[in-house]
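Have a look at structure33.txt; it's compact mmCIF, C-alpha atoms:
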# COMPACT_ATOMS: atom_id res chain seq x y z
CA ARG A 1 -57.75 47.55 70.36
CA ILE A 2 -54.46 45.86 71.18
CA GLN A 3 -54.39 44.09 74.57
CA ILE A 4 -51.34 44.51 76.83
CA LEU A 5 -50.76 41.52 79.10
CA PHE A 6 -48.72 42.44 82.17
CA GLU A 7 -48.00 40.88 85.53
CA ALA A 8 -50.17 42.43 88.26
CA MET A 9 -47.71 41.34 90.98
CA THR A 10 -50.42 39.82 93.13
CA THR A 11 -49.73 36.66 95.12
CA GLY A 12 -53.14 35.08 94.68
CA GLN A 13 -52.28 33.25 91.49
CA TYR A 14 -48.76 32.14 92.43
CA ILE A 15 -47.81 28.51 91.99
CA ASP A 16 -44.93 26.90 93.87
CA VAL A 17 -42.84 24.32 92.03
CA PRO A 18 -40.59 21.69 93.68
CA VAL A 19 -36.93 22.23 94.61
CA VAL A 20 -34.39 19.48 93.86
CA ASP A 21 -30.97 19.41 95.52
CA LEU A 22 -28.27 18.25 93.07
CA GLY A 23 -25.61 18.14 95.78
CA PRO A 24 -25.28 14.33 95.84
CA PHE A 25 -24.29 14.30 92.17
CA TYR A 26 -21.54 16.80 92.88
CA ASP A 27 -20.33 14.73 95.83
CA LYS A 28 -20.39 11.51 93.81
CA ASN A 29 -18.54 12.78 90.76
CA SER A 30 -16.46 15.63 92.20
CA ILE A 31 -17.44 17.85 89.26
CA ARG A 32 -16.32 20.72 91.46
CA PRO A 33 -14.83 20.41 94.96
CA SER A 34 -17.51 20.81 97.58
CA PHE A 35 -17.30 20.54 101.36
CA GLU A 36 -21.08 20.55 101.72
CA THR A 37 -22.97 17.42 102.63
CA SER A 38 -26.52 16.44 101.85
CA HIS A 39 -28.93 14.10 103.58
CA LEU A 40 -30.30 13.13 100.19
CA ASP A 41 -28.94 10.21 98.23
CA ILE A 42 -28.83 9.74 94.46
CA GLY A 43 -32.13 7.85 94.37
CA ASP A 44 -33.94 10.73 96.08
CA VAL A 45 -32.60 13.18 93.48
CA VAL A 46 -33.66 10.98 90.55
CA LYS A 47 -37.12 10.57 92.06
CA GLY A 48 -37.46 14.30 92.71
CA VAL A 49 -36.52 15.24 89.16
CA GLY A 50 -38.73 12.49 87.74
CA ASP A 51 -41.83 13.37 89.77
CA ALA A 52 -41.56 17.06 88.87
CA SER A 53 -40.86 16.35 85.18
CA MET A 54 -43.80 14.00 84.83
CA SER A 55 -46.28 16.40 86.46
CA LEU A 56 -45.55 20.12 86.01
CA GLY A 57 -42.56 19.59 83.72
CA CYS A 58 -40.49 22.10 85.71
CA PHE A 59 -38.63 22.51 89.01
CA TRP A 60 -35.95 24.51 90.81
CA VAL A 61 -32.46 23.10 91.28
CA ARG A 62 -30.02 23.89 94.04
CA VAL A 63 -26.28 23.28 93.65
CA PRO A 64 -23.52 23.61 96.27
CA SER A 65 -22.96 27.25 97.22
CA SER A 66 -19.28 26.79 96.38
CA ARG A 67 -20.45 26.51 92.77
CA TYR A 68 -23.30 29.06 92.60
CA ASN A 69 -24.70 31.40 95.22
CA ILE A 70 -26.53 34.70 95.64
CA GLU A 71 -23.31 36.69 95.21
CA GLU A 72 -22.64 35.02 91.85
CA ARG A 73 -26.23 35.80 90.86
CA ARG A 74 -25.68 39.44 91.78
CA LYS A 75 -22.67 39.54 89.45
CA VAL A 76 -24.74 38.00 86.65
CA LEU A 77 -27.54 40.58 87.03
CA HIS A 78 -25.03 43.43 87.22
CA SER A 79 -23.39 42.18 84.02
CA ILE A 80 -26.79 42.05 82.28
CA ASP A 81 -27.51 45.66 83.25
CA SER A 82 -24.19 46.79 81.82
CA LEU A 83 -24.68 44.75 78.66
CA PHE A 84 -27.94 46.54 77.84
CA LEU A 85 -27.34 50.00 79.31
CA SER A 86 -23.68 50.72 78.52
CA PRO A 87 -23.36 50.39 74.72
CA SER A 88 -24.51 53.24 72.50
CA PRO A 89 -27.27 52.58 69.93
CA GLU A 90 -24.56 52.47 67.26
CA GLU A 91 -22.60 49.83 69.14
CA LYS A 92 -25.72 47.74 69.66
CA ALA A 93 -26.48 47.99 65.94
CA ARG A 94 -22.95 46.81 65.14
CA CYS A 95 -23.47 43.76 67.33
CA THR A 96 -27.04 42.99 66.26
CA SER A 97 -27.87 39.29 66.02
CA VAL A 98 -27.54 38.59 62.31
CA LYS A 99 -25.54 36.19 60.20
CA LEU A 100 -22.26 38.04 60.61
CA THR A 101 -19.26 37.46 58.38
CA GLY A 102 -17.17 34.65 59.83
CA SER A 103 -20.01 33.34 61.98
CA LYS A 104 -22.40 30.55 61.09
CA ALA A 105 -24.95 31.32 63.80
CA ASP A 106 -26.85 34.24 65.30
CA ARG A 107 -24.90 35.99 68.02
CA GLY A 108 -25.19 39.44 69.63
CA TYR A 109 -28.12 41.76 70.34
CA ILE A 110 -31.71 40.85 69.48
CA ALA A 111 -33.42 44.07 68.43
CA TYR A 112 -36.61 45.21 70.16
CA GLY A 113 -39.67 43.44 68.76
CA SER A 114 -37.67 41.36 66.26
CA GLU A 115 -38.91 37.97 67.52
CA SER A 116 -42.25 36.40 68.35
CA GLY A 117 -43.48 32.86 68.82
CA ALA A 118 -47.01 33.71 67.63
CA LYS A 119 -48.23 35.60 64.59
CA SER A 120 -50.75 37.72 66.51
CA MET A 121 -48.55 38.64 69.49
CA PHE A 122 -45.91 41.34 69.88
CA GLU A 123 -43.11 40.48 72.32
CA ASN A 124 -42.18 43.55 74.35
CA LYS A 125 -38.48 42.86 74.88
CA GLU A 126 -34.94 43.12 73.58
CA GLY A 127 -32.27 40.49 73.99
CA PHE A 128 -28.77 39.19 73.49
CA VAL A 129 -27.59 35.74 72.42
CA PHE A 130 -24.29 34.00 73.07
CA GLY A 131 -23.02 30.45 73.09
CA TYR A 132 -20.02 28.19 73.46
CA SER A 133 -16.68 30.03 73.48
CA ASP A 134 -13.94 27.49 74.22
CA TRP A 135 -13.10 26.88 70.57
CA GLY A 136 -9.30 26.85 70.74
CA GLU A 137 -8.20 25.51 67.37
CA LYS A 138 -11.58 23.93 66.64
CA GLU A 139 -13.74 25.35 63.87
CA CYS A 140 -17.48 26.04 63.75
CA ILE A 141 -18.88 23.40 61.41
CA ASN A 142 -22.66 23.92 61.34
CA ASP A 143 -25.27 26.68 61.31
CA LEU A 144 -25.81 26.63 65.10
CA GLU A 145 -22.16 27.08 66.02
CA GLY A 146 -20.64 30.55 65.99
CA ILE A 147 -18.17 32.98 67.47
CA ASN A 148 -19.70 35.18 70.16
CA VAL A 149 -20.06 38.89 69.42
CA TRP A 150 -19.71 41.28 72.37
CA PRO A 151 -19.71 45.06 72.63
CA THR A 152 -16.37 46.79 73.08
CA SER A 153 -15.49 49.21 75.84
CA LYS A 154 -15.74 51.99 73.27
CA ASN A 155 -18.94 53.66 72.07
CA LEU A 156 -20.57 53.62 75.50
CA ASN A 157 -23.44 55.75 76.72
CA THR A 158 -22.25 58.43 79.11
CA ASP A 159 -24.98 57.50 81.60
CA GLY A 160 -24.43 53.76 81.34
CA GLU A 161 -22.33 51.57 83.61
CA ASP A 162 -19.02 50.46 82.15
CA TRP A 163 -18.98 47.25 80.16
CA SER A 164 -15.86 45.18 80.78
CA LYS A 165 -14.14 41.91 79.95
CA ALA A 166 -14.79 40.78 83.52
CA LYS A 167 -18.55 41.12 83.02
CA GLN A 168 -18.29 39.32 79.68
CA SER A 169 -16.43 36.49 81.43
CA THR A 170 -19.15 36.27 84.11
CA LEU A 171 -21.71 35.49 81.42
CA GLU A 172 -19.67 33.72 78.74
CA SER A 173 -17.44 31.58 80.95
CA PHE A 174 -18.84 31.25 84.46
CA LEU A 175 -22.58 31.17 83.72
CA PHE A 176 -22.44 29.24 80.43
CA ASP A 177 -20.19 26.58 81.98
CA LEU A 178 -22.51 26.32 84.99
CA PHE A 179 -25.52 25.79 82.73
CA VAL A 180 -23.72 23.06 80.75
CA GLU A 181 -22.59 21.41 83.97
CA ILE A 182 -26.12 21.27 85.39
CA GLY A 183 -27.54 20.18 82.04
CA ASN A 184 -25.15 17.23 81.91
CA ILE A 185 -26.08 16.19 85.45
CA LEU A 186 -29.78 16.28 84.57
CA VAL A 187 -29.20 14.28 81.37
CA ARG A 188 -27.62 11.55 83.49
CA ILE A 189 -30.59 11.65 85.86
CA TYR A 190 -33.06 11.28 82.98
CA SER A 191 -30.95 8.47 81.55
CA ALA A 192 -31.15 6.65 84.88
CA MET A 193 -34.94 7.12 84.84
CA LEU A 194 -35.47 5.91 81.29
CA TYR A 195 -32.80 3.17 81.07
CA ASP A 196 -33.11 1.15 84.28
CA GLY A 197 -30.60 3.08 86.31
CA ASP A 198 -27.94 3.48 83.60
CA GLU A 199 -26.79 7.10 83.81
CA THR A 200 -24.51 6.89 80.77
CA VAL A 201 -26.84 6.05 77.84
CA LEU A 202 -28.09 9.54 77.00
CA GLU A 203 -24.83 11.19 78.05
CA LYS A 204 -22.98 9.18 75.37
CA GLU A 205 -25.73 9.53 72.74
CA TRP A 206 -26.02 13.32 73.05
CA ALA A 207 -22.36 14.17 73.76
CA GLY A 208 -21.15 17.37 72.09
CA GLY A 209 -24.37 19.36 72.39
CA GLU A 210 -22.68 22.19 74.33
CA THR A 211 -21.25 23.68 71.12
CA ILE A 212 -24.73 24.34 69.70
CA SER A 213 -26.49 25.17 73.00
CA ILE A 214 -27.22 28.86 73.48
CA ALA A 215 -27.93 31.40 76.19
CA ARG A 216 -30.39 34.18 75.43
CA ILE A 217 -30.55 37.19 77.76
CA PHE A 218 -33.88 39.04 77.80
CA ARG A 219 -34.80 42.50 78.98
CA TYR A 220 -38.60 42.56 79.35
CA PHE A 221 -39.98 46.10 79.29
CA ASN A 222 -42.91 47.29 81.38
CA GLU A 223 -46.43 47.99 80.18
CA SER A 224 -45.77 51.68 79.55
CA TYR A 225 -42.59 51.31 77.48
CA ASP A 226 -42.57 54.19 74.98
CA ASN A 227 -41.59 52.05 71.99
CA MET A 228 -44.88 50.15 72.25
CA GLN A 229 -46.50 53.18 70.64
CA GLU A 230 -44.94 51.98 67.40
CA VAL A 231 -46.59 48.53 67.52
CA ASP A 232 -48.80 47.95 64.49
CA GLN A 233 -52.21 47.33 66.06
CA SER A 234 -53.55 46.03 62.76
CA GLN A 235 -51.00 43.19 62.86
CA TYR A 236 -51.00 42.24 66.56
CA SER A 237 -53.80 41.59 69.04
CA GLN A 238 -51.70 41.26 72.19
CA VAL A 239 -48.48 42.59 73.70
CA LEU A 240 -46.57 40.54 76.28
CA GLY A 241 -43.04 39.49 77.18
CA SER A 242 -43.06 36.10 75.51
CA SER A 243 -45.97 34.39 73.77
CA PRO A 244 -47.30 31.00 74.98
CA HIS A 245 -45.05 28.17 73.85
CA THR A 246 -43.25 24.99 74.78
CA ASP A 247 -39.45 24.94 74.44
CA TRP A 248 -38.07 22.91 71.55
CA GLY A 249 -34.90 21.36 72.99
CA LEU A 250 -33.81 19.06 75.78
CA LEU A 251 -33.87 21.35 78.78
CA THR A 252 -34.20 25.05 79.57
CA LEU A 253 -32.35 26.59 82.54
CA ILE A 254 -33.04 30.11 83.80
CA VAL A 255 -31.28 32.60 86.07
CA ALA A 256 -33.18 35.86 86.61
CA ASP A 257 -34.18 38.64 88.94
CA ASP A 258 -37.24 38.13 91.13
CA VAL A 259 -39.68 40.30 89.16
CA PRO A 260 -42.76 38.09 88.57
CA GLY A 261 -43.86 37.31 85.03
CA LEU A 262 -43.02 33.70 84.14
CA GLN A 263 -46.31 31.81 83.94
CA LEU A 264 -47.12 28.12 83.67
CA HIS A 265 -50.27 26.69 82.08
CA THR A 266 -51.37 24.21 84.72
CA SER A 267 -54.75 23.03 83.38
CA PRO A 268 -57.60 24.12 81.09
CA SER A 269 -59.63 25.22 84.12
CA GLU A 270 -56.83 27.13 85.88
CA GLY A 271 -55.12 28.48 82.77
CA PHE A 272 -51.84 30.34 83.31
CA ARG A 273 -50.51 30.85 86.84
CA THR A 274 -47.46 32.88 87.86
CA ILE A 275 -44.50 30.88 89.17
CA ARG A 276 -43.40 32.25 92.52
CA PRO A 277 -39.88 33.63 91.90
CA ARG A 278 -37.13 32.06 94.01
CA PHE A 279 -34.04 33.15 92.09
CA LYS A 280 -32.82 35.31 94.99
CA GLU A 281 -32.41 32.13 97.05
CA GLY A 282 -29.71 30.96 94.65
CA PHE A 283 -32.03 28.52 92.83
CA ILE A 284 -31.97 27.89 89.08
CA PHE A 285 -35.22 27.20 87.24
CA VAL A 286 -35.45 24.18 84.91
CA ASN A 287 -38.12 22.99 82.51
CA CYS A 288 -38.25 20.05 80.13
CA GLY A 289 -38.27 20.69 76.41
CA ASP A 290 -40.13 19.07 73.53
CA TYR A 291 -37.20 16.88 72.52
CA MET A 292 -36.92 15.42 76.02
CA SER A 293 -40.66 14.80 76.19
CA LEU A 294 -40.73 13.16 72.76
CA LEU A 295 -37.78 10.93 73.58
CA SER A 296 -39.62 9.69 76.68
CA GLY A 297 -42.75 8.91 74.67
CA GLY A 298 -44.57 11.73 76.43
CA VAL A 299 -43.81 10.47 79.95
CA LEU A 300 -41.91 13.68 80.68
CA HIS A 301 -43.95 16.86 80.26
CA SER A 302 -42.87 19.86 78.17
CA PRO A 303 -44.83 22.66 79.85
CA LEU A 304 -46.74 25.39 78.04
CA HIS A 305 -45.58 28.73 79.46
CA ARG A 306 -45.40 32.43 78.71
CA VAL A 307 -43.88 35.63 80.13
CA LEU A 308 -45.97 38.73 80.88
CA SER A 309 -44.59 42.24 80.71
CA PRO A 310 -43.71 43.59 84.17
CA ALA A 311 -46.32 45.80 85.78
CA LEU A 312 -45.54 49.47 86.24
CA ASN A 313 -45.30 50.47 89.89
CA HIS A 314 -48.03 53.12 89.92
CA SER A 315 -47.54 53.76 93.65
CA GLN A 316 -43.99 54.99 92.92
CA PRO A 317 -44.22 56.80 89.58
CA ASP A 318 -40.79 58.40 89.95
CA VAL A 319 -38.91 55.13 90.44
CA ASP A 320 -36.22 54.27 87.88
CA ASN A 321 -37.82 52.35 85.00
CA ARG A 322 -35.27 49.58 85.45
CA GLU A 323 -37.10 48.71 88.66
CA ASN A 324 -40.11 47.96 86.47
CA GLU A 325 -38.29 45.68 84.05
CA ARG A 326 -37.54 41.97 84.17
CA ARG A 327 -34.13 40.48 83.38
CA SER A 328 -33.41 36.82 82.73
CA VAL A 329 -30.84 34.52 81.15
CA VAL A 330 -32.49 31.58 79.40
CA PHE A 331 -30.21 28.68 78.46
CA PHE A 332 -31.35 26.15 75.86
CA PHE A 333 -29.50 22.86 76.37
CA TYR A 334 -29.34 20.74 73.24
CA PRO A 335 -28.14 17.28 72.19
CA ASN A 336 -25.48 17.18 69.48
CA TYR A 337 -26.32 18.54 66.04
CA ASN A 338 -26.69 15.11 64.37
CA SER A 339 -29.13 13.66 66.91
CA THR A 340 -32.32 12.28 65.39
CA VAL A 341 -35.58 14.16 65.86
CA PRO A 342 -38.38 11.93 67.25
CA THR A 343 -41.62 12.02 65.28
CA PHE A 344 -44.80 13.79 66.34
CA GLU A 345 -46.46 10.45 67.10
CA ASP A 346 -43.90 9.78 69.85
CA GLY A 347 -45.45 12.42 72.12
CA LYS A 348 -48.66 12.85 74.08
CA GLN A 349 -49.22 16.61 73.97
CA ASN A 350 -49.02 19.63 71.67
CA TYR A 351 -45.45 20.71 70.95
CA SER A 352 -44.36 24.11 69.67
CA CYS A 353 -41.48 22.45 67.83
CA PHE A 354 -44.01 20.99 65.37
CA GLU A 355 -46.20 24.09 65.11
CA ASP A 356 -45.92 26.75 62.42
CA GLN A 357 -44.64 29.80 64.32
CA GLY A 358 -43.57 31.76 61.26
CA LEU A 359 -45.29 34.49 59.27
CA ASP A 360 -45.35 32.39 56.09
CA PRO A 361 -47.86 29.51 56.18
CA ARG A 362 -46.56 25.97 55.93
CA GLU A 363 -47.73 22.46 56.71
CA LYS A 364 -47.03 20.89 60.10
CA VAL A 365 -43.55 19.36 60.07
CA LEU A 366 -43.50 15.89 61.57
CA THR A 367 -39.76 15.23 61.23
CA HIS A 368 -36.81 17.18 59.90
CA GLY A 369 -33.73 14.98 59.73
CA THR A 370 -31.09 16.03 62.24
CA PHE A 371 -31.89 17.90 65.42
CA GLY A 372 -29.54 20.72 64.46
CA SER A 373 -31.10 21.46 61.07
CA PHE A 374 -34.57 21.22 62.62
CA ILE A 375 -33.80 23.71 65.41
CA SER A 376 -32.09 26.08 63.00
CA SER A 377 -35.27 26.22 60.93
CA LYS A 378 -37.31 26.89 64.08
CA TRP A 379 -35.18 29.90 65.08
CA ASN A 380 -35.71 31.31 61.61
CA GLU A 381 -39.47 30.90 62.06
CA VAL A 382 -39.73 33.22 65.05
CA LYS A 383 -37.81 36.12 63.50
CA ARG A 384 -39.89 39.17 62.65
Same coordinates, now as structure tokens:
Amino acid sequence: RIQILFEAMTTGQYIDVPVVDLGPFYDKNSIRPSFETSHLDIGDVVKGVGDASMSLGCFWVRVPSSRYNIEERRKVLHSIDSLFLSPSPEEKARCTSVKLTGSKADRGYIAYGSESGAKSMFENKEGFVFGYSDWGEKECINDLEGINVWPTSKNLNTDGEDWSKAKQSTLESFLFDLFVEIGNILVRIYSAMLYDGDETVLEKEWAGGETISIARIFRYFNESYDNMQEVDQSQYSQVLGSSPHTDWGLLTLIVADDVPGLQLHTSPSEGFRTIRPRFKEGFIFVNCGDYMSLLSGGVLHSPLHRVLSPALNHSQPDVDNRENERRSVVFFFYPNYNSTVPTFEDGKQNYSCFEDQGLDPREKVLTHGTFGSFISSKWNEVKR
């Protein structure tokens, strides 16, 4: 019988991860005007990021409220709701994440159950993917760059909230730019850690990665979602939101609601523990990726994690199902396409980037030329 893994919403297994204030980097570089002050100096920030990255491999970041705050988060979550609930099934199908004419990369909706990071696990979610948009007269030149595909204001469900250009801009411009901004700050911090205080080494080496970085919005359904009845129980042994994995890239940044479900594997004895959600405080979650860990020779940890399906609120059976779903925006920050992929021997742990996550068997890949071509092959692996 197929096993459904869902978050029980109990506090007993919660784990708290550190919070790092990035305010001093904003003050130092005036990335955005800020009238806030911080008692922390640059050294404290570097140490905080380093300690968290070498132990758990993840942490929360706080930026000045003039840049991101709980009201901006509310706009993001409202835009996500409209993105999934407004378009008709036909409009979603038109914008499904495939290799569209004129686009070199996947953009648009990710159909329910069309991805999984493990052969035996069904991922109970749908999604949407978008990326860099400030192309101007530039052209997309590789298979990770593409023009974003968004639903139109036509073909909307009558019971859905209106989708609008303003909501598109909240995600595509405001949120994407914020993610890139924070990613660049963290790259400078890691550069200072790894290169004797020089913040510029990695920034120069990886410059240009924003055009291939992507944001993936996920709508995790609850344990009773009707479509799960169609899951082939002969093919899958478990159903959950996202199967256990490490992230392949440099860094992952997450903005989400506060429904529990994101779990971290802390040790063989403790197994997976639920990260206590703190998104409503205006924090952004960060974890190191495989590429960052490999570059550091395994000093920085790329954490094994998974997402459980939200638990159904049995005490309130009449509550709107959306209250029993989990929404998140997951941003994968990458170096530039032509960066070199470190070899398997450079690390000190198991990395999903080197594992076979596809349906067709293959040998373990130890290197794959450029980072861009390597990551492109990995995204193809998890399609179902």
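Close contacts of His301 (chain A), defined as residues with an atom at most 7 Å away when counting only C-alpha atoms, with chain neighbours fewer than 6 positions off set aside, comprise Ser53, Met54, Ser55, Leu56, Gly57, Cys288 and Ser293 of chain A.
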| request: Please identify all polymer residues lying at most 12 Å from the point (-37.5, 45.0, 80.5) (file coordinates), using all atoms listed in the file, and present the result as a ChimeraX atom specification. | output: /A:6,80-81,84-85,112,123-127,217-227,240-242,256-257,259-261,307-312,320-328
| said: Around (-32.7, 28.8, 82.1), as given in the file, which residues come within 12 Å? Count only C-alpha atoms and list them as a VMD selection string. | reply: chain A and resid 58 to 61 175 to 176 178 to 180 182 to 183 213 to 218 247 249 to 256 262 279 283 to 289 327 to 333
| field | Shell of 9 Å around Gly48 (chain A), all atoms listed in the file, local chain residues under 5 positions omitted, as an NGL selection string | value | :A and (18-21 or 43 or 53)
| query | Looking at only C-alpha atoms, which of A:Ser373, A:Glu281, A:Val299, A:Glu381 is the one that sits closest to Asn69 (chain A)? | reply | A:Glu281
| message | Env of Gln168 (chain A): 10 Å cut, atoms = only C-alpha atoms, seq-sep filter 2 positions within chain, self excluded. Answer as number ranges by chain. | response | A: 76, 79-80, 82-83, 150-151, 163-166, 170-174
Quick one: which region 252-344 of chain A residues come within 9 Å of region 202-208 of chain A, and what is the nearest atom pair for each with the distance in Å to one decimal, counting all atoms listed in the file, rows ordered by chain and ascending number, as a tab-separated table?
residue	atom	partner	partner_atom	distance
A:Tyr334	CA	A:Trp206	CA	8.1
A:Pro335	CA	A:Trp206	CA	4.6
A:Asn336	CA	A:Gly208	CA	5.1
A:Tyr337	CA	A:Gly208	CA	8.0
A:Asn338	CA	A:Trp206	CA	8.9
A:Ser339	CA	A:Trp206	CA	6.9
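Going from CA of Tyr68 (chain A) to CA of Asp177 (chain A) covers 11.3 Å.
A straight line drawn from CA of Gln13 (chain A) to CA of Arg273 (chain A) is 5.5 Å long.
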| task | Rank A:Ser116, A:Ser133, A:Ser88, A:Asn184 by their smallest atom-to-atom distance to Phe25 (chain A), using all atoms listed in the file, and report the top residue only. | result | A:Asn184
Write out as AutoDock Vina command-line options an axis-aligned box for region 186-191 of chain A: all of its atoms listed in the file, 8 Å added on each side, centre and edge lengths in Å with one decimal.
--center_x -30.3 --center_y 12.4 --center_z 83.6 --size_x 21.4 --size_y 23.8 --size_z 20.5
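Among the candidates A:Phe272, A:Tyr14, A:Trp248, A:Phe371, the one nearest to Phe354 (chain A) when counting all atoms listed in the file is A:Trp248.
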Quick one: region 261-275 of chain A with N, CA, C and O atoms, as a compact mmCIF listing (two decimals), in the frame of the given file?
# COMPACT_ATOMS: atom_id res chain seq x y z
N GLY A 261 -43.49 37.22 86.44
CA GLY A 261 -43.86 37.31 85.03
C GLY A 261 -43.89 35.98 84.32
O GLY A 261 -44.67 35.78 83.39
N LEU A 262 -43.03 35.03 84.74
CA LEU A 262 -43.02 33.70 84.14
C LEU A 262 -44.26 32.94 84.59
O LEU A 262 -44.49 32.77 85.79
N GLN A 263 -45.05 32.49 83.63
CA GLN A 263 -46.31 31.81 83.94
C GLN A 263 -46.36 30.41 83.33
O GLN A 263 -45.88 30.18 82.23
N LEU A 264 -46.98 29.51 84.07
CA LEU A 264 -47.12 28.12 83.67
C LEU A 264 -48.59 27.81 83.43
O LEU A 264 -49.45 28.20 84.23
N HIS A 265 -48.89 27.12 82.33
CA HIS A 265 -50.27 26.69 82.08
C HIS A 265 -50.47 25.36 82.80
O HIS A 265 -49.92 24.33 82.40
N THR A 266 -51.25 25.39 83.86
CA THR A 266 -51.37 24.21 84.72
C THR A 266 -52.52 23.28 84.33
O THR A 266 -52.43 22.08 84.53
N SER A 267 -53.60 23.84 83.79
CA SER A 267 -54.75 23.03 83.38
C SER A 267 -55.72 23.91 82.60
O SER A 267 -55.67 25.14 82.70
N PRO A 268 -56.62 23.31 81.81
CA PRO A 268 -57.60 24.12 81.09
C PRO A 268 -58.46 24.97 82.01
O PRO A 268 -58.84 26.10 81.66
N SER A 269 -58.76 24.46 83.21
CA SER A 269 -59.63 25.22 84.12
C SER A 269 -58.88 26.35 84.82
O SER A 269 -59.41 27.44 85.03
N GLU A 270 -57.61 26.11 85.17
CA GLU A 270 -56.83 27.13 85.88
C GLU A 270 -56.13 28.09 84.93
O GLU A 270 -55.86 29.23 85.30
N GLY A 271 -55.82 27.63 83.72
CA GLY A 271 -55.12 28.48 82.77
C GLY A 271 -53.69 28.74 83.20
O GLY A 271 -53.03 27.87 83.77
N PHE A 272 -53.21 29.97 82.97
CA PHE A 272 -51.84 30.34 83.31
C PHE A 272 -51.76 30.84 84.75
O PHE A 272 -52.59 31.64 85.17
N ARG A 273 -50.75 30.39 85.47
CA ARG A 273 -50.51 30.85 86.84
C ARG A 273 -49.05 31.28 86.96
O ARG A 273 -48.14 30.66 86.39
N THR A 274 -48.80 32.34 87.71
CA THR A 274 -47.46 32.88 87.86
C THR A 274 -46.62 32.01 88.79
O THR A 274 -47.04 31.68 89.90
N ILE A 275 -45.43 31.64 88.33
CA ILE A 275 -44.50 30.88 89.17
C ILE A 275 -43.89 31.81 90.21
O ILE A 275 -43.39 32.88 89.87
